[in-house]
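Data block for target28.tsv (TSV, C-alpha atoms and all ligand atoms):
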```
chain	number	residue	atom	x	y	z
A	1	MET	CA	-32.13	3.58	-14.23
A	2	THR	CA	-30.78	6.85	-12.89
A	3	ALA	CA	-28.15	6.71	-10.19
A	4	LEU	CA	-26.86	9.71	-8.29
A	5	PHE	CA	-23.29	9.81	-7.03
A	6	ILE	CA	-21.97	12.19	-4.40
A	7	SER	CA	-18.96	12.33	-2.10
A	8	ASP	CA	-16.94	14.67	0.06
A	9	LEU	CA	-19.84	16.60	1.55
A	10	HIS	CA	-17.81	16.92	4.75
A	11	LEU	CA	-21.02	17.64	6.68
A	12	ASP	CA	-20.25	19.66	9.75
A	13	PRO	CA	-22.31	21.79	12.14
A	14	GLN	CA	-20.03	24.71	11.14
A	15	ARG	CA	-21.50	24.68	7.60
A	16	PRO	CA	-25.28	24.41	8.13
A	17	HIS	CA	-26.09	25.53	4.56
A	18	ILE	CA	-24.31	22.42	3.20
A	19	VAL	CA	-26.40	20.22	5.51
A	20	ASP	CA	-29.47	22.00	4.11
A	21	LEU	CA	-28.31	21.35	0.52
A	22	PHE	CA	-27.90	17.65	1.31
A	23	ALA	CA	-31.35	17.51	2.93
A	24	ALA	CA	-32.79	19.23	-0.15
A	25	LEU	CA	-31.19	16.65	-2.47
A	26	LEU	CA	-32.60	13.77	-0.40
A	27	ALA	CA	-36.08	15.27	-0.22
A	28	GLY	CA	-36.08	16.42	-3.86
A	29	GLU	CA	-34.21	15.06	-6.85
A	30	ALA	CA	-33.09	11.85	-5.11
A	31	ARG	CA	-36.74	10.80	-4.70
A	32	ARG	CA	-36.95	10.40	-8.49
A	33	ALA	CA	-33.66	8.47	-8.74
A	34	ASP	CA	-33.23	4.70	-8.63
A	35	ALA	CA	-30.31	4.78	-6.23
A	36	LEU	CA	-28.08	7.18	-4.33
A	37	TYR	CA	-24.39	6.37	-3.90
A	38	ILE	CA	-22.39	8.27	-1.28
A	39	LEU	CA	-18.71	7.56	-1.94
A	40	GLY	CA	-17.18	8.64	1.34
A	41	ASP	CA	-16.56	11.68	3.48
A	42	LEU	CA	-20.25	12.35	3.97
A	43	PHE	CA	-19.19	13.64	7.38
A	44	GLU	CA	-16.23	15.85	8.20
A	45	ALA	CA	-15.51	13.60	11.17
A	46	TRP	CA	-16.96	10.46	12.73
A	47	ILE	CA	-16.16	9.57	16.32
A	48	GLY	CA	-18.48	6.58	16.69
A	49	ASP	CA	-22.08	5.50	16.14
A	50	ASP	CA	-22.81	6.45	19.76
A	51	ASP	CA	-22.16	10.14	19.05
A	52	ASP	CA	-25.15	11.98	20.51
A	53	ALA	CA	-24.71	15.16	18.45
A	54	ALA	CA	-27.61	16.60	16.46
A	55	LEU	CA	-26.04	16.32	12.99
A	56	PRO	CA	-25.77	12.51	12.68
A	57	ALA	CA	-29.35	12.17	13.95
A	58	ARG	CA	-30.65	14.69	11.41
A	59	VAL	CA	-28.79	13.02	8.55
A	60	ALA	CA	-30.02	9.56	9.58
A	61	GLN	CA	-33.60	10.79	9.57
A	62	ALA	CA	-33.18	12.24	6.07
A	63	THR	CA	-31.48	9.19	4.52
A	64	ARG	CA	-33.99	6.85	6.15
A	65	ALA	CA	-36.88	8.87	4.73
A	66	LEU	CA	-35.37	8.48	1.24
A	67	ARG	CA	-34.88	4.75	1.72
A	68	ASP	CA	-38.44	4.44	3.05
A	69	ALA	CA	-39.61	6.22	-0.13
A	70	GLY	CA	-38.12	3.29	-2.06
A	71	VAL	CA	-34.72	4.65	-3.06
A	72	PRO	CA	-31.75	2.59	-1.84
A	73	VAL	CA	-28.94	4.64	-0.28
A	74	TYR	CA	-25.42	3.19	-0.49
A	75	PHE	CA	-22.52	4.46	1.57
A	76	MET	CA	-18.80	3.81	1.23
A	77	HIS	CA	-16.38	4.96	3.91
A	78	GLY	CA	-14.12	7.94	3.30
A	79	ASN	CA	-10.96	8.86	5.15
A	80	ARG	CA	-12.97	11.08	7.52
A	81	ASP	CA	-15.95	8.86	8.34
A	82	PHE	CA	-14.32	5.40	8.15
A	83	LEU	CA	-15.58	4.58	11.66
A	84	LEU	CA	-19.23	4.80	10.64
A	85	GLY	CA	-20.58	1.41	11.60
A	86	ALA	CA	-23.44	-1.05	11.22
A	87	ASP	CA	-25.48	0.49	14.08
A	88	TYR	CA	-25.64	3.89	12.46
A	89	ALA	CA	-26.15	2.38	9.01
A	90	ALA	CA	-29.20	0.49	10.29
A	91	ARG	CA	-30.59	3.64	11.93
A	92	ALA	CA	-29.97	5.67	8.77
A	93	GLY	CA	-31.36	3.04	6.40
A	94	ILE	CA	-28.12	3.02	4.41
A	95	THR	CA	-26.27	0.04	2.97
A	96	LEU	CA	-22.53	-0.06	3.63
A	97	LEU	CA	-20.37	-0.72	0.58
A	98	ALA	CA	-16.81	-2.05	0.69
A	99	ASP	CA	-14.09	0.08	-0.88
A	100	PRO	CA	-13.69	-0.88	-3.70
A	101	THR	CA	-17.04	-2.13	-5.03
A	102	VAL	CA	-18.01	-2.99	-8.61
A	103	ILE	CA	-21.57	-2.25	-9.69
A	104	GLU	CA	-23.29	-2.65	-13.03
A	105	LEU	CA	-24.34	0.68	-14.45
A	106	GLY	CA	-26.19	0.82	-17.72
A	107	GLY	CA	-24.76	-2.58	-18.60
A	108	GLU	CA	-21.20	-1.55	-17.80
A	109	ARG	CA	-19.12	-2.82	-14.91
A	110	THR	CA	-18.19	0.28	-12.93
A	111	LEU	CA	-15.67	0.49	-10.12
A	112	LEU	CA	-16.55	2.67	-7.14
A	113	MET	CA	-13.90	3.86	-4.68
A	114	HIS	CA	-13.47	6.68	-2.23
A	115	GLY	CA	-10.14	7.46	-3.86
A	116	ASP	CA	-7.68	7.85	-1.00
A	117	THR	CA	-6.06	4.47	-1.71
A	118	LEU	CA	-5.26	5.69	-5.24
A	119	CYS	CA	-3.10	8.51	-3.84
A	120	THR	CA	-0.12	6.21	-3.42
A	121	ASP	CA	2.44	9.04	-3.59
A	122	ASP	CA	1.16	10.35	-0.25
A	123	VAL	CA	3.23	7.99	1.87
A	124	GLU	CA	2.65	9.90	5.12
A	125	TYR	CA	-1.13	9.64	4.73
A	126	LEU	CA	-1.04	5.94	3.81
A	127	LYS	CA	0.90	5.22	7.01
A	128	PHE	CA	-1.76	7.03	9.05
A	129	ARG	CA	-4.48	5.15	7.14
A	130	ALA	CA	-2.93	1.76	7.91
A	131	LEU	CA	-2.91	2.66	11.61
A	132	VAL	CA	-6.51	3.86	11.89
A	133	ARG	CA	-7.94	1.06	9.73
A	134	ASP	CA	-6.46	-1.54	12.09
A	135	PRO	CA	-9.39	-3.20	13.92
A	136	ARG	CA	-7.43	-3.18	17.20
A	137	TRP	CA	-6.79	0.57	16.94
A	138	GLN	CA	-10.47	1.12	16.14
A	139	ALA	CA	-11.72	-0.99	19.05
A	140	GLN	CA	-9.42	0.86	21.42
A	141	PHE	CA	-10.47	4.27	20.03
A	142	LEU	CA	-14.18	3.48	20.25
A	143	SER	CA	-13.80	2.40	23.88
A	144	LYS	CA	-12.69	5.92	24.89
A	145	PRO	CA	-15.18	8.46	26.26
A	146	LEU	CA	-16.95	10.64	23.64
A	147	ALA	CA	-15.20	13.80	24.83
A	148	GLU	CA	-11.79	12.22	24.35
A	149	ARG	CA	-12.72	10.98	20.88
A	150	ARG	CA	-14.01	14.45	19.97
A	151	ALA	CA	-10.69	15.97	21.02
A	152	PHE	CA	-8.76	13.42	18.96
A	153	ALA	CA	-10.92	14.11	15.89
A	154	ALA	CA	-10.32	17.86	16.21
A	155	GLN	CA	-6.59	17.25	16.45
A	156	ALA	CA	-6.59	14.89	13.46
A	157	ARG	CA	-8.43	17.52	11.40
A	158	GLY	CA	-5.78	20.08	12.30
A	159	GLU	CA	-3.05	17.64	11.28
A	160	SER	CA	-4.85	16.87	8.02
A	161	ARG	CA	-5.18	20.59	7.23
A	162	ARG	CA	-1.49	21.12	7.96
A	163	HIS	CA	-0.54	18.16	5.76
A	164	THR	CA	-2.75	19.39	2.90
A	165	SER	CA	-1.20	22.85	3.07
A	166	VAL	CA	2.43	21.68	2.96
A	167	ALA	CA	2.27	18.60	0.69
A	168	ARG	CA	2.98	19.14	-2.99
A	169	PRO	CA	-0.29	19.25	-4.98
A	170	GLU	CA	0.64	16.29	-7.21
A	171	ILE	CA	1.15	14.11	-4.11
A	172	MET	CA	-2.47	14.80	-3.11
A	173	ASP	CA	-3.80	13.53	-6.45
A	174	VAL	CA	-4.21	9.96	-7.64
A	175	ASN	CA	-1.27	8.02	-9.02
A	176	GLN	CA	-2.05	6.94	-12.60
A	177	ALA	CA	-0.32	3.57	-12.16
A	178	ALA	CA	-2.49	2.89	-9.10
A	179	VAL	CA	-5.59	3.83	-11.12
A	180	ALA	CA	-4.62	1.46	-13.94
A	181	ALA	CA	-3.80	-1.34	-11.49
A	182	ALA	CA	-7.15	-1.01	-9.69
A	183	MET	CA	-9.13	-0.94	-12.94
A	184	ARG	CA	-7.21	-3.90	-14.35
A	185	ALA	CA	-7.65	-5.91	-11.13
A	186	HIS	CA	-11.43	-5.46	-11.34
A	187	GLY	CA	-11.72	-5.80	-15.09
A	188	VAL	CA	-13.41	-2.43	-15.57
A	189	ARG	CA	-13.06	0.47	-17.98
A	190	LYS	CA	-14.99	2.90	-15.80
A	191	LEU	CA	-14.10	4.23	-12.35
A	192	ILE	CA	-15.96	6.72	-10.18
A	193	HIS	CA	-14.29	8.16	-7.08
A	194	GLY	CA	-14.06	11.25	-4.91
A	195	HIS	CA	-11.57	12.35	-2.27
A	196	THR	CA	-9.28	14.59	-4.33
A	197	HIS	CA	-11.83	17.40	-4.72
A	198	ARG	CA	-10.77	17.73	-8.37
A	199	PRO	CA	-14.01	17.04	-10.26
A	200	ALA	CA	-13.31	15.97	-13.84
A	201	THR	CA	-13.78	13.19	-16.36
A	202	HIS	CA	-10.47	11.72	-17.47
A	203	ARG	CA	-10.33	9.55	-20.59
A	204	PHE	CA	-7.21	7.53	-21.26
A	205	GLU	CA	-6.07	4.33	-22.91
A	206	LEU	CA	-5.86	1.22	-20.79
A	207	ASP	CA	-4.52	-1.92	-22.44
A	208	GLY	CA	-5.66	-0.72	-25.86
A	209	GLN	CA	-9.16	0.31	-24.80
A	210	THR	CA	-10.64	3.64	-23.80
A	211	ALA	CA	-11.04	3.96	-20.06
A	212	GLU	CA	-12.85	6.61	-18.07
A	213	ARG	CA	-12.23	7.96	-14.57
A	214	ILE	CA	-14.89	10.26	-13.18
A	215	VAL	CA	-13.92	12.34	-10.14
A	216	LEU	CA	-16.74	13.69	-7.98
A	217	GLY	CA	-16.69	17.22	-6.61
A	218	ASP	CA	-16.71	18.28	-2.99
A	219	TRP	CA	-19.46	20.21	-1.23
A	220	TYR	CA	-17.39	22.86	0.56
A	221	GLU	CA	-19.03	25.81	-1.22
A	222	GLN	CA	-21.87	24.22	-3.20
A	223	ASP	CA	-23.53	20.90	-3.94
A	224	SER	CA	-22.11	18.57	-6.56
A	225	VAL	CA	-24.03	15.61	-7.98
A	226	LEU	CA	-23.12	13.16	-10.73
A	227	ARG	CA	-26.18	11.77	-12.53
A	228	LEU	CA	-25.77	8.63	-14.61
A	229	GLY	CA	-28.24	6.51	-16.55
U	1	MN	MN	-11.51	11.92	1.41
```
How does the structure come out when it is put into structure tokens?
Amino acid sequence: MTALFISDLHLDPQRPHIVDLFAALLAGEARRADALYILGDLFEAWIGDDDDAALPARVAQATRALRDAGVPVYFMHGNRDFLLGADYAARAGITLLADPTVIELGGERTLLMHGDTLCTDDVEYLKFRALVRDPRWQAQFLSKPLAERRAFAAQARGESRRHTSVARPEIMDVNQAAVAAAMRAHGVRKLIHGHTHRPATHRFELDGQTAERIVLGDWYEQDSVLRLG
């Protein structure tokens, strides 16, 4: 059993070479894997499954081809593409995963998360998250015309960039107490997440046992794939 884990591709028409790298992974190495897990922020922005842009259509075609070749593709929402819904998932042949989800990997219970909910020191972001994850806010947003939603997404990206540039770096990383609480709550000693763009494997002691937190890398400049099993 070989599973591939990726996150934070932030696919965007502005970075076509990253879209090509993703397409190459799906058409190449992923065909020989047993499963592909995408742990959020596959897209830089998501304004609704009815978006008629070229990028979502191209990605759906590529993920569906992988699924049709017999490799299941799992997707967990990130903080950029949390509005990706069941319609698009069906079109793209991907299975939506809740955040968090526990899977069994090589006989070990493994917790999968996007990672933003572990950054509990970033109070400003968590307030924004609570707002946009509210089903009423989402229904209202999705009822707006595409052009209006596009404008909102562009503005939110600007805000996010501003926030990232002024917030202290440690605020943008996970909180260790939140990590321990999540792992304890799910009875796991292994956690895989993305979001922070700080790829690393952290080993630490949790209740007298060795625990492991694997952070996936982003795809801003290059591809980044975790292979397990
Ligand atoms: Mn993220």
Closest of A:Ile6, A:Leu83, A:Leu42, A:Ala33 to Ile214 of chain A - atom-to-atom distances counting all atoms listed in the file: A:Ile6
Contacts to ligand MN 1 (chain U) at 6 Å cut-off (all atoms listed in the file) as a PyMOL selection string: chain A and resi 41+78-79+195
Surrounding residues of Lys190 of chain A excluding itself and chain neighbours under 6 positions, 6 Å, only C-alpha atoms, as a PyMOL selection string: chain A and resi 110+211-213
I need the residues from that last selection saved to file as a PDB file, in the frame of the given file (with C-alpha atoms), if you can.
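Ended up saving to selection10.pdb:
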```pdb
ATOM      1  CA  THR A 110     -18.190   0.280 -12.930  1.00  0.00           C
ATOM      2  CA  ALA A 211     -11.040   3.960 -20.060  1.00  0.00           C
ATOM      3  CA  GLU A 212     -12.850   6.610 -18.070  1.00  0.00           C
ATOM      4  CA  ARG A 213     -12.230   7.960 -14.570  1.00  0.00           C
TER       5      ARG A 213
END
```
Selection: 10 Å around Ala98 of chain A, all atoms listed in the file, excl. self and same-chain fewer than 3 positions, as a list in words: Phe75, Met76, His77, Thr95, Thr101, Val102, Leu112, Met113 and His114 of chain A
Residues of segment 155-227 of chain A that have any atom at most 10 Å from an atom of segment 125-147 of chain A: could you tabulate them with the shortest-distance atom pair and the distance in Å to one decimal, using all atoms listed in the file, ordered by chain and increasing number, as JSON lines?
```
{"residue": "A:Ser160", "atom": "CA", "partner": "A:Tyr125", "partner_atom": "CA", "distance": 8.8}
{"residue": "A:His163", "atom": "CA", "partner": "A:Tyr125", "partner_atom": "CA", "distance": 8.6}
{"residue": "A:Met172", "atom": "CA", "partner": "A:Tyr125", "partner_atom": "CA", "distance": 9.5}
```
Export C-alpha atoms of the chosen residues as a short mmCIF file (atom, residue, chain, number, x, y, z; two decimals), in the frame of the given file?
```cif
data_model
loop_
_atom_site.label_atom_id
_atom_site.label_comp_id
_atom_site.auth_asym_id
_atom_site.auth_seq_id
_atom_site.Cartn_x
_atom_site.Cartn_y
_atom_site.Cartn_z
CA SER A 160 -4.85 16.87 8.02
CA HIS A 163 -0.54 18.16 5.76
CA MET A 172 -2.47 14.80 -3.11
#
```
Å distance separating atom CA of Arg58 of chain A from atom CA of Ala23 of chain A, one decimal place: 9.0 Å
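Distance check against Ala54 of chain A using all atoms listed in the file: of A:Val19, A:Leu36, A:Leu66, A:Ala86, the minimum falls on A:Val19.
You will find atom CA of Arg198 of chain A at 6.5 Å from atom CA of Val215 of chain A.
Separating atom CA of Leu9 of chain A from atom CA of Trp219 of chain A is a distance of 4.6 Å.
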